[in-house]
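S.K.: The following file, data26.cif, comprises mmCIF, C-alpha atoms:
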```cif
data_data
#
loop_
_atom_site.group_PDB
_atom_site.id
_atom_site.type_symbol
_atom_site.label_atom_id
_atom_site.label_comp_id
_atom_site.auth_asym_id
_atom_site.auth_seq_id
_atom_site.Cartn_x
_atom_site.Cartn_y
_atom_site.Cartn_z
ATOM 1 C CA GLN M 135 -3.009 -8.414 12.813
ATOM 2 C CA LYS M 136 -4.595 -5.485 11.009
ATOM 3 C CA GLU M 137 -8.275 -4.929 11.689
ATOM 4 C CA VAL M 138 -9.181 -4.891 8.004
ATOM 5 C CA GLU M 139 -7.068 -6.538 5.340
ATOM 6 C CA GLN M 140 -7.508 -6.393 1.585
ATOM 7 C CA ASN M 141 -5.816 -8.273 -1.214
ATOM 8 C CA SER M 142 -2.769 -6.155 -1.884
ATOM 9 C CA GLY M 143 -3.012 -5.705 -5.623
ATOM 10 C CA PRO M 144 -2.504 -4.015 -7.877
ATOM 11 C CA LEU M 145 -5.148 -5.804 -9.876
ATOM 12 C CA SER M 146 -5.112 -5.511 -13.646
ATOM 13 C CA VAL M 147 -8.100 -6.757 -15.628
ATOM 14 C CA PRO M 148 -9.069 -6.429 -19.301
ATOM 15 C CA GLU M 149 -12.044 -4.320 -20.237
ATOM 16 C CA GLY M 150 -15.254 -6.320 -19.971
ATOM 17 C CA ALA M 151 -13.863 -8.799 -17.432
ATOM 18 C CA ILE M 152 -14.843 -9.303 -13.799
ATOM 19 C CA ALA M 153 -12.704 -7.688 -11.111
ATOM 20 C CA SER M 154 -12.810 -9.487 -7.757
ATOM 21 C CA LEU M 155 -11.794 -7.711 -4.570
ATOM 22 C CA ASN M 156 -11.512 -9.357 -1.179
ATOM 23 C CA CYS M 157 -11.504 -8.099 2.372
ATOM 24 C CA THR M 158 -11.227 -9.812 5.748
ATOM 25 C CA TYR M 159 -11.798 -8.254 9.145
ATOM 26 C CA SER M 160 -10.923 -9.163 12.710
ATOM 27 C CA ASP M 161 -13.786 -7.742 14.799
ATOM 28 C CA ARG M 162 -16.431 -10.452 14.839
ATOM 29 C CA GLY M 163 -18.982 -7.992 16.231
ATOM 30 C CA SER M 164 -18.856 -5.730 13.175
ATOM 31 C CA GLN M 165 -22.262 -4.884 11.765
ATOM 32 C CA SER M 166 -21.645 -2.512 8.858
ATOM 33 C CA PHE M 167 -19.532 -3.068 5.773
ATOM 34 C CA PHE M 168 -18.756 -0.632 3.005
ATOM 35 C CA TRP M 169 -16.867 -0.386 -0.242
ATOM 36 C CA TYR M 170 -15.501 2.976 -1.279
ATOM 37 C CA ARG M 171 -13.914 3.935 -4.575
ATOM 38 C CA GLN M 172 -11.141 6.511 -4.572
ATOM 39 C CA TYR M 173 -9.675 8.061 -7.663
ATOM 40 C CA SER M 174 -6.154 9.404 -7.383
ATOM 41 C CA GLY M 175 -6.120 12.685 -5.477
ATOM 42 C CA LYS M 176 -9.852 12.555 -4.773
ATOM 43 C CA SER M 177 -11.959 11.711 -1.745
ATOM 44 C CA PRO M 178 -13.449 8.257 -1.127
ATOM 45 C CA GLU M 179 -16.858 7.742 -2.706
ATOM 46 C CA LEU M 180 -19.296 5.224 -1.252
ATOM 47 C CA ILE M 181 -20.302 2.636 -3.856
ATOM 48 C CA MET M 182 -21.743 -0.223 -1.800
ATOM 49 C CA SER M 183 -22.958 -0.918 1.709
ATOM 50 C CA ILE M 184 -23.969 -4.315 3.079
ATOM 51 C CA TYR M 185 -25.269 -5.266 6.503
ATOM 52 C CA SER M 186 -26.442 -8.883 6.333
ATOM 53 C CA ASN M 187 -25.016 -12.143 5.022
ATOM 54 C CA GLY M 188 -25.404 -12.835 1.349
ATOM 55 C CA ASP M 189 -25.168 -10.876 -1.849
ATOM 56 C CA LYS M 190 -26.217 -7.345 -2.680
ATOM 57 C CA GLU M 191 -26.248 -6.177 -6.269
ATOM 58 C CA ASP M 192 -26.253 -2.605 -7.567
ATOM 59 C CA GLY M 193 -25.742 -2.250 -11.284
ATOM 60 C CA ARG M 194 -22.384 -3.773 -12.222
ATOM 61 C CA PHE M 195 -21.340 -4.088 -8.575
ATOM 62 C CA THR M 196 -22.058 -7.021 -6.268
ATOM 63 C CA ALA M 197 -21.034 -7.098 -2.617
ATOM 64 C CA GLN M 198 -20.890 -10.390 -0.752
ATOM 65 C CA LEU M 199 -20.780 -10.760 3.011
ATOM 66 C CA ASN M 200 -20.006 -13.828 5.098
ATOM 67 C CA LYS M 201 -19.920 -12.909 8.778
ATOM 68 C CA ALA M 202 -19.017 -16.428 9.895
ATOM 69 C CA SER M 203 -15.854 -16.265 7.788
ATOM 70 C CA GLN M 204 -15.384 -12.540 8.516
ATOM 71 C CA TYR M 205 -15.132 -11.915 4.829
ATOM 72 C CA VAL M 206 -16.568 -9.336 2.476
ATOM 73 C CA SER M 207 -15.961 -9.056 -1.241
ATOM 74 C CA LEU M 208 -16.777 -6.818 -4.183
ATOM 75 C CA LEU M 209 -17.266 -7.972 -7.745
ATOM 76 C CA ILE M 210 -17.182 -5.518 -10.620
ATOM 77 C CA ARG M 211 -18.753 -7.001 -13.732
ATOM 78 C CA ASP M 212 -18.107 -5.760 -17.271
ATOM 79 C CA SER M 213 -15.167 -3.688 -16.011
ATOM 80 C CA GLN M 214 -14.688 -0.331 -17.698
ATOM 81 C CA PRO M 215 -11.617 1.920 -17.858
ATOM 82 C CA SER M 216 -13.526 4.346 -15.624
ATOM 83 C CA ASP M 217 -13.454 1.668 -12.898
ATOM 84 C CA SER M 218 -9.691 2.135 -12.618
ATOM 85 C CA ALA M 219 -9.271 3.375 -9.041
ATOM 86 C CA THR M 220 -8.362 2.265 -5.542
ATOM 87 C CA TYR M 221 -11.099 0.392 -3.719
ATOM 88 C CA LEU M 222 -11.300 0.671 0.048
ATOM 89 C CA CYS M 223 -13.033 -1.809 2.309
ATOM 90 C CA ALA M 224 -14.421 -0.273 5.509
ATOM 91 C CA VAL M 225 -15.843 -2.116 8.496
ATOM 92 C CA GLY M 226 -17.522 -0.928 11.678
ATOM 93 C CA SER M 227 -20.138 1.522 12.842
ATOM 94 C CA HIS M 228 -19.256 4.937 14.249
ATOM 95 C CA LYS M 229 -15.626 3.963 14.239
ATOM 96 C CA LEU M 230 -14.866 2.815 10.756
ATOM 97 C CA SER M 231 -11.712 0.809 10.128
ATOM 98 C CA PHE M 232 -10.383 0.910 6.598
ATOM 99 C CA GLY M 233 -8.251 -1.494 4.683
ATOM 100 C CA ALA M 234 -5.201 -0.158 2.862
ATOM 101 C CA GLY M 235 -7.016 -0.447 -0.450
ATOM 102 C CA THR M 236 -6.644 -2.411 -3.672
ATOM 103 C CA THR M 237 -5.717 -0.545 -6.825
ATOM 104 C CA VAL M 238 -7.570 -1.748 -9.904
ATOM 105 C CA THR M 239 -6.478 -0.993 -13.455
ATOM 106 C CA VAL M 240 -8.819 -1.853 -16.314
ATOM 107 C CA ARG M 241 -6.938 -2.324 -19.597
ATOM 108 C CA ALA M 242 -8.722 -1.117 -22.696
ATOM 109 C CA GLU R 20 -26.456 20.353 -3.104
ATOM 110 C CA ALA R 21 -25.742 17.988 -0.217
ATOM 111 C CA GLN R 22 -22.076 18.139 0.558
ATOM 112 C CA VAL R 23 -19.203 18.177 3.011
ATOM 113 C CA THR R 24 -16.841 21.094 2.554
ATOM 114 C CA GLN R 25 -13.330 21.577 3.876
ATOM 115 C CA ASN R 26 -11.042 24.591 3.928
ATOM 116 C CA PRO R 27 -8.339 25.129 3.027
ATOM 117 C CA ARG R 28 -7.827 22.496 0.337
ATOM 118 C CA TYR R 29 -4.051 22.937 0.393
ATOM 119 C CA LEU R 30 -1.873 24.289 3.161
ATOM 120 C CA ILE R 31 1.868 24.592 3.637
ATOM 121 C CA THR R 32 2.980 25.697 7.070
ATOM 122 C CA VAL R 33 5.933 25.539 9.432
ATOM 123 C CA THR R 34 6.513 23.542 12.578
ATOM 124 C CA GLY R 35 4.766 24.950 15.614
ATOM 125 C CA LYS R 36 2.423 27.391 13.885
ATOM 126 C CA LYS R 37 -1.129 26.687 15.042
ATOM 127 C CA LEU R 38 -3.637 25.969 12.313
ATOM 128 C CA THR R 39 -7.292 25.048 11.917
ATOM 129 C CA VAL R 40 -8.890 23.063 9.122
ATOM 130 C CA THR R 41 -12.602 23.696 8.879
ATOM 131 C CA CYS R 42 -15.272 21.153 7.981
ATOM 132 C CA SER R 43 -18.917 21.861 7.357
ATOM 133 C CA GLN R 44 -21.860 19.719 6.209
ATOM 134 C CA ASN R 45 -25.320 20.775 5.076
ATOM 135 C CA MET R 46 -27.094 17.411 5.490
ATOM 136 C CA ASN R 47 -28.070 17.782 9.146
ATOM 137 C CA HIS R 48 -25.842 14.818 9.968
ATOM 138 C CA GLU R 49 -25.269 14.051 13.628
ATOM 139 C CA TYR R 50 -22.021 12.177 13.140
ATOM 140 C CA MET R 51 -18.804 13.767 11.892
ATOM 141 C CA SER R 52 -15.288 12.449 11.739
ATOM 142 C CA TRP R 53 -11.731 13.328 10.745
ATOM 143 C CA TYR R 54 -9.336 10.961 8.981
ATOM 144 C CA ARG R 55 -5.807 11.183 7.739
ATOM 145 C CA GLN R 56 -4.562 9.223 4.757
ATOM 146 C CA ASP R 57 -0.934 8.278 4.314
ATOM 147 C CA PRO R 58 0.659 6.079 1.628
ATOM 148 C CA GLY R 59 0.688 2.439 2.681
ATOM 149 C CA LEU R 60 -1.280 3.142 5.852
ATOM 150 C CA GLY R 61 -4.688 3.844 4.403
ATOM 151 C CA LEU R 62 -7.302 5.942 6.146
ATOM 152 C CA ARG R 63 -6.993 6.305 9.916
ATOM 153 C CA GLN R 64 -9.540 7.969 12.122
ATOM 154 C CA ILE R 65 -8.333 10.907 14.216
ATOM 155 C CA TYR R 66 -11.449 12.043 16.108
ATOM 156 C CA TYR R 67 -15.163 11.667 15.734
ATOM 157 C CA SER R 68 -18.254 13.363 17.096
ATOM 158 C CA MET R 69 -21.621 11.758 17.728
ATOM 159 C CA ASN R 70 -23.399 15.082 18.201
ATOM 160 C CA VAL R 71 -22.933 18.642 19.414
ATOM 161 C CA GLU R 72 -20.481 18.813 22.328
ATOM 162 C CA VAL R 73 -19.820 15.030 22.074
ATOM 163 C CA THR R 74 -16.401 14.057 20.729
ATOM 164 C CA ASP R 75 -14.158 11.032 21.097
ATOM 165 C CA LYS R 76 -10.727 9.848 20.062
ATOM 166 C CA GLY R 77 -10.142 7.674 17.048
ATOM 167 C CA ASP R 78 -7.029 5.664 16.326
ATOM 168 C CA VAL R 79 -4.485 8.491 15.954
ATOM 169 C CA PRO R 80 -5.611 11.494 18.084
ATOM 170 C CA GLU R 81 -2.182 12.626 19.336
ATOM 171 C CA GLY R 82 -1.345 16.171 18.267
ATOM 172 C CA TYR R 83 -4.906 17.058 17.251
ATOM 173 C CA LYS R 84 -7.888 18.743 18.844
ATOM 174 C CA VAL R 85 -11.474 19.064 17.714
ATOM 175 C CA SER R 86 -14.609 20.853 18.807
ATOM 176 C CA ARG R 87 -18.295 20.497 17.961
ATOM 177 C CA LYS R 88 -20.155 23.607 19.021
ATOM 178 C CA GLU R 89 -22.610 23.500 16.134
ATOM 179 C CA LYS R 90 -24.101 20.516 14.387
ATOM 180 C CA ARG R 91 -22.852 21.477 10.937
ATOM 181 C CA ASN R 92 -19.214 22.322 11.818
ATOM 182 C CA PHE R 93 -16.361 20.151 13.058
ATOM 183 C CA PRO R 94 -12.995 21.929 12.890
ATOM 184 C CA LEU R 95 -9.675 20.115 13.262
ATOM 185 C CA ILE R 96 -7.045 22.020 15.232
ATOM 186 C CA LEU R 97 -3.309 21.427 15.194
ATOM 187 C CA GLU R 98 -1.933 23.422 18.123
ATOM 188 C CA SER R 99 1.732 22.828 17.280
ATOM 189 C CA PRO R 100 2.060 21.066 13.939
ATOM 190 C CA SER R 101 5.033 18.818 13.291
ATOM 191 C CA PRO R 102 6.369 17.325 10.042
ATOM 192 C CA ASN R 103 4.880 13.895 10.858
ATOM 193 C CA GLN R 104 1.453 15.506 10.527
ATOM 194 C CA THR R 105 2.066 16.099 6.850
ATOM 195 C CA SER R 106 -0.785 14.162 5.309
ATOM 196 C CA LEU R 107 -4.034 14.224 3.367
ATOM 197 C CA TYR R 108 -6.949 14.928 5.694
ATOM 198 C CA PHE R 109 -10.592 14.071 5.118
ATOM 199 C CA CYS R 110 -13.687 15.103 7.006
ATOM 200 C CA ALA R 111 -16.717 12.817 6.804
ATOM 201 C CA SER R 112 -20.291 12.907 8.045
ATOM 202 C CA SER R 113 -23.295 10.611 8.374
ATOM 203 C CA PHE R 114 -26.653 10.346 10.107
ATOM 204 C CA GLY R 115 -24.917 8.299 12.744
ATOM 205 C CA LEU R 116 -27.233 5.317 13.016
ATOM 206 C CA ALA R 117 -25.030 2.484 14.226
ATOM 207 C CA GLU R 118 -26.081 0.075 11.527
ATOM 208 C CA ARG R 119 -26.507 2.561 8.715
ATOM 209 C CA ASN R 120 -23.455 4.726 9.146
ATOM 210 C CA GLU R 121 -22.819 5.472 5.485
ATOM 211 C CA GLN R 122 -20.211 8.185 5.680
ATOM 212 C CA PHE R 123 -19.795 10.885 3.065
ATOM 213 C CA PHE R 124 -16.392 12.482 2.623
ATOM 214 C CA GLY R 125 -15.284 16.022 1.995
ATOM 215 C CA PRO R 126 -12.822 16.838 -0.816
ATOM 216 C CA GLY R 127 -9.723 16.616 1.371
ATOM 217 C CA THR R 128 -7.068 18.981 2.690
ATOM 218 C CA ARG R 129 -3.470 18.369 1.742
ATOM 219 C CA LEU R 130 -1.267 19.624 4.580
ATOM 220 C CA THR R 131 2.492 20.005 4.440
ATOM 221 C CA VAL R 132 4.388 20.893 7.626
ATOM 222 C CA LEU R 133 7.953 22.040 7.038
#
```
Could you take the file, read its structure, and then write that structure out as structure tokens?
M.R.:
Amino acid sequence: QKEVEQNSGPLSVPEGAIASLNCTYSDRGSQSFFWYRQYSGKSPELIMSIYSNGDKEDGRFTAQLNKASQYVSLLIRDSQPSDSATYLCAVGSHKLSFGAGTTVTVRA
Amino acid sequence: EAQVTQNPRYLITVTGKKLTVTCSQNMNHEYMSWYRQDPGLGLRQIYYSMNVEVTDKGDVPEGYKVSRKEKRNFPLILESPSPNQTSLYFCASSFGLAERNEQFFGPGTRLTVL
């Protein structure tokens, strides 16, 4: 079993819709959870971090964490073409484990 | 500007020819790390460093060496590169607090080993 698994995608959503990304992890002791956005050929860019159960909102992005279910998600509201990218879920502390990523395409 | 820099950005080399990829950060971060990214495999950690002179293996350390003699620099050394080390490499840094380890990535180095 992979340490961090993401829904495989690709995910295609119309402009203005909500994109929903999911991630599960195997290490129950994990304390830090991150979502990175990576455009093709570019480096990962941190967009959200979450450390406690519940929701965290930042602009059009909402991260949700459920440690009991070992599940973390990212919602992108009012999706824009500029949101088209690969989204990486990362879990851990000093040793970050990454999921393989979910590619999102927002259709204009 | 706060940033992580890597050099070179692109490198084509031949099997067995030693090479070094440099990484430098200007944010006074204690923690630095190297990752490789391969299609279908995602990002995998090679080595990380908690502070000067403190390094440890990540998930895929074979064939790589690192050193941390200064806080700002964390070079990645390939003593005898092989074609299976062809990959996209990223350096990252953070303040290193266990629960607030928000890592910032450099621009990447695309390495091809022939």
S.K.: Chain R residues within 7 Å of chain M, counting all atoms listed in the file: which ones, as a list in words?
M.R.: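 Filtering chain R at 7 Å from chain M with all atoms listed in the file gives Gly59, Leu60, Gly61, Leu62, Gly115, Ala117, Glu118, Asn120, Phe124, Gly125, Pro126 and Gly127 of chain R.
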S.K.: Which residues are close to segment 87-102 of chain R, i.e. within 9 Å by all atoms listed in the file, leaving aside same-chain residues fewer than 4 positions away? Reply as an mmCIF file with C-alpha atoms, in the coordinates of the input.
M.R.:
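Output below, filename around_14.cif:
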```
data_model
loop_
_atom_site.group_PDB
_atom_site.id
_atom_site.type_symbol
_atom_site.label_atom_id
_atom_site.label_comp_id
_atom_site.auth_asym_id
_atom_site.auth_seq_id
_atom_site.Cartn_x
_atom_site.Cartn_y
_atom_site.Cartn_z
ATOM 1 C CA THR R 32 2.980 25.697 7.070
ATOM 2 C CA VAL R 33 5.933 25.539 9.432
ATOM 3 C CA THR R 34 6.513 23.542 12.578
ATOM 4 C CA GLY R 35 4.766 24.950 15.614
ATOM 5 C CA LYS R 36 2.423 27.391 13.885
ATOM 6 C CA LYS R 37 -1.129 26.687 15.042
ATOM 7 C CA LEU R 38 -3.637 25.969 12.313
ATOM 8 C CA THR R 39 -7.292 25.048 11.917
ATOM 9 C CA VAL R 40 -8.890 23.063 9.122
ATOM 10 C CA THR R 41 -12.602 23.696 8.879
ATOM 11 C CA CYS R 42 -15.272 21.153 7.981
ATOM 12 C CA SER R 43 -18.917 21.861 7.357
ATOM 13 C CA GLN R 44 -21.860 19.719 6.209
ATOM 14 C CA ASN R 45 -25.320 20.775 5.076
ATOM 15 C CA MET R 46 -27.094 17.411 5.490
ATOM 16 C CA ASN R 47 -28.070 17.782 9.146
ATOM 17 C CA HIS R 48 -25.842 14.818 9.968
ATOM 18 C CA GLU R 49 -25.269 14.051 13.628
ATOM 19 C CA TYR R 50 -22.021 12.177 13.140
ATOM 20 C CA MET R 51 -18.804 13.767 11.892
ATOM 21 C CA SER R 52 -15.288 12.449 11.739
ATOM 22 C CA TRP R 53 -11.731 13.328 10.745
ATOM 23 C CA TYR R 66 -11.449 12.043 16.108
ATOM 24 C CA TYR R 67 -15.163 11.667 15.734
ATOM 25 C CA SER R 68 -18.254 13.363 17.096
ATOM 26 C CA ASN R 70 -23.399 15.082 18.201
ATOM 27 C CA VAL R 71 -22.933 18.642 19.414
ATOM 28 C CA GLU R 72 -20.481 18.813 22.328
ATOM 29 C CA VAL R 73 -19.820 15.030 22.074
ATOM 30 C CA THR R 74 -16.401 14.057 20.729
ATOM 31 C CA GLY R 82 -1.345 16.171 18.267
ATOM 32 C CA TYR R 83 -4.906 17.058 17.251
ATOM 33 C CA CYS R 110 -13.687 15.103 7.006
ATOM 34 C CA THR R 131 2.492 20.005 4.440
ATOM 35 C CA VAL R 132 4.388 20.893 7.626
ATOM 36 C CA LEU R 133 7.953 22.040 7.038
#
```
S.K.: If the PyMOL selection byres ((chain M and resi 158) around 9) were run on this exact file, what residues would it hold? Put them as a CSV table (one decimal) with C-alpha atoms, in the coordinates of the input.
M.R.:
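The new file expr04.csv reads:
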```csv
chain,number,residue,atom,x,y,z
M,137,GLU,CA,-8.3,-4.9,11.7
M,138,VAL,CA,-9.2,-4.9,8.0
M,139,GLU,CA,-7.1,-6.5,5.3
M,140,GLN,CA,-7.5,-6.4,1.6
M,141,ASN,CA,-5.8,-8.3,-1.2
M,156,ASN,CA,-11.5,-9.4,-1.2
M,157,CYS,CA,-11.5,-8.1,2.4
M,159,TYR,CA,-11.8,-8.3,9.1
M,160,SER,CA,-10.9,-9.2,12.7
M,203,SER,CA,-15.9,-16.3,7.8
M,204,GLN,CA,-15.4,-12.5,8.5
M,205,TYR,CA,-15.1,-11.9,4.8
M,206,VAL,CA,-16.6,-9.3,2.5
M,207,SER,CA,-16.0,-9.1,-1.2
M,223,CYS,CA,-13.0,-1.8,2.3
M,233,GLY,CA,-8.3,-1.5,4.7
```
S.K.: Hey, can you check how far atom CA of Tyr173 of chain M sits from atom CA of Leu145 of chain M?
M.R.: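 Here the two named atoms are 14.8 Å from each other.
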S.K.: Counting all atoms listed in the file, which residue out of M:Lys201, M:Arg211, M:Asp217, M:Leu155 sits closest to Ser142 of chain M?
M.R.: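 The closest residue to Ser142 of chain M is M:Leu155.
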S.K.: Starting from the point (-10.8, -13.4, -19.8), work out which residues of protein, DNA or RNA have an atom no more than 12 Å away when counting only C-alpha atoms; state them as a list in words.
M.R.: Ser146, Val147, Pro148, Glu149, Gly150, Ala151, Ile152, Ala153, Arg211, Asp212, Ser213 and Arg241 of chain M
S.K.: Give me the box for segment 46-49 of chain R as lines of an AutoDock Vina configuration file, namely the centre and edge lengths in Å to one decimal of a box along x, y and z that holds every listed atom plus 8 Å on each side.
M.R.:
```
center_x = -26.7
center_y = 15.9
center_z = 9.6
size_x = 18.8
size_y = 19.7
size_z = 24.1
```
S.K.: Evaluate the PyMOL selection byres ((chain M and resi 238) around 6) and record the selected residues as a list in words, following the chain and residue labels used in the document.
M.R.: Pro144, Leu145, Ser146, Ser218, Ala219, Thr220, Thr237 and Thr239 of chain M
S.K.: Written as a list in words, which residues does the PyMOL selection byres ((chain R and resi 29) around 6) give for the file shown?
M.R.: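 Going through the file, the PyMOL selection byres ((chain R and resi 29) around 6) ends up selecting Pro27, Arg28, Leu30, Thr128 and Arg129 of chain R.
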S.K.: Expressed in Å to a single decimal, how great is the separation between atom CA of Gly77 of chain R and atom CA of Ile65 of chain R?
M.R.: 4.7 Å
S.K.: How far is it from atom CA of Asn187 of chain M to atom CA of Gly143 of chain M, in Å with one decimal?
M.R.: 25.3 Å
S.K.: Please write as a count of residues only the list of polymer residues whose atoms come within 6 Å of (-7.1, 12.1, 10.2), counting all atoms listed in the file and keeping to the coordinates of the file.
M.R.: 7
S.K.: When you write segment 59-78 of chain R out from the block above, keep N, CA, C and O atoms and present the result as a compact mmCIF listing (two decimals), in the first residue's frame, please.
M.R.:
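Generated output (selection-v1.txt):
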```
# COMPACT_ATOMS: atom_id res chain seq x y z
N GLY R 59 4.65 9.06 -13.08
CA GLY R 59 3.95 7.94 -12.47
C GLY R 59 4.41 7.59 -11.07
O GLY R 59 3.73 6.83 -10.37
N LEU R 60 5.54 8.13 -10.66
CA LEU R 60 6.08 7.81 -9.33
C LEU R 60 5.98 8.99 -8.38
O LEU R 60 6.22 8.85 -7.18
N GLY R 61 5.71 10.15 -8.89
CA GLY R 61 5.59 11.32 -8.03
C GLY R 61 6.93 11.78 -7.49
O GLY R 61 8.00 11.44 -8.01
N LEU R 62 6.88 12.53 -6.43
CA LEU R 62 8.06 13.06 -5.77
C LEU R 62 8.56 12.08 -4.71
O LEU R 62 7.80 11.66 -3.85
N ARG R 63 9.84 11.77 -4.76
CA ARG R 63 10.43 10.86 -3.77
C ARG R 63 11.63 11.54 -3.14
O ARG R 63 12.47 12.11 -3.85
N GLN R 64 11.72 11.43 -1.83
CA GLN R 64 12.79 12.11 -1.12
C GLN R 64 14.09 11.32 -1.21
O GLN R 64 14.11 10.11 -0.97
N ILE R 65 15.19 12.01 -1.50
CA ILE R 65 16.49 11.37 -1.64
C ILE R 65 17.26 11.46 -0.33
O ILE R 65 17.67 10.46 0.24
N TYR R 66 17.50 12.67 0.13
CA TYR R 66 18.19 12.96 1.38
C TYR R 66 17.57 14.22 1.98
O TYR R 66 17.01 15.05 1.28
N TYR R 67 17.73 14.35 3.28
CA TYR R 67 17.35 15.59 3.92
C TYR R 67 18.37 15.96 4.99
O TYR R 67 19.17 15.11 5.43
N SER R 68 18.31 17.22 5.41
CA SER R 68 19.24 17.71 6.41
C SER R 68 18.48 18.58 7.41
O SER R 68 17.78 19.52 7.02
N MET R 69 18.63 18.24 8.68
CA MET R 69 17.95 18.99 9.73
C MET R 69 18.71 20.26 10.12
O MET R 69 18.12 21.19 10.67
N ASN R 70 20.02 20.26 9.87
CA ASN R 70 20.83 21.42 10.20
C ASN R 70 22.25 21.17 9.69
O ASN R 70 22.53 20.13 9.08
N VAL R 71 23.13 22.09 9.93
CA VAL R 71 24.51 21.96 9.46
C VAL R 71 25.12 20.67 10.02
O VAL R 71 24.97 20.37 11.20
N GLU R 72 25.76 19.93 9.13
CA GLU R 72 26.44 18.67 9.47
C GLU R 72 25.48 17.57 9.91
O GLU R 72 25.94 16.54 10.42
N VAL R 73 24.18 17.73 9.73
CA VAL R 73 23.19 16.70 10.08
C VAL R 73 22.41 16.32 8.82
O VAL R 73 21.62 17.13 8.31
N THR R 74 22.66 15.11 8.32
CA THR R 74 21.94 14.66 7.12
C THR R 74 21.40 13.26 7.37
O THR R 74 21.91 12.52 8.22
N ASP R 75 20.37 12.89 6.60
CA ASP R 75 19.80 11.56 6.74
C ASP R 75 19.17 11.13 5.43
O ASP R 75 18.82 11.96 4.58
N LYS R 76 19.07 9.79 5.28
CA LYS R 76 18.54 9.24 4.04
C LYS R 76 17.03 9.41 3.97
O LYS R 76 16.33 9.32 4.97
N GLY R 77 16.57 9.62 2.74
CA GLY R 77 15.15 9.60 2.46
C GLY R 77 14.75 8.24 1.93
O GLY R 77 15.26 7.20 2.38
N ASP R 78 13.86 8.23 0.98
CA ASP R 78 13.34 6.96 0.45
C ASP R 78 14.22 6.33 -0.63
O ASP R 78 14.22 5.12 -0.80
```
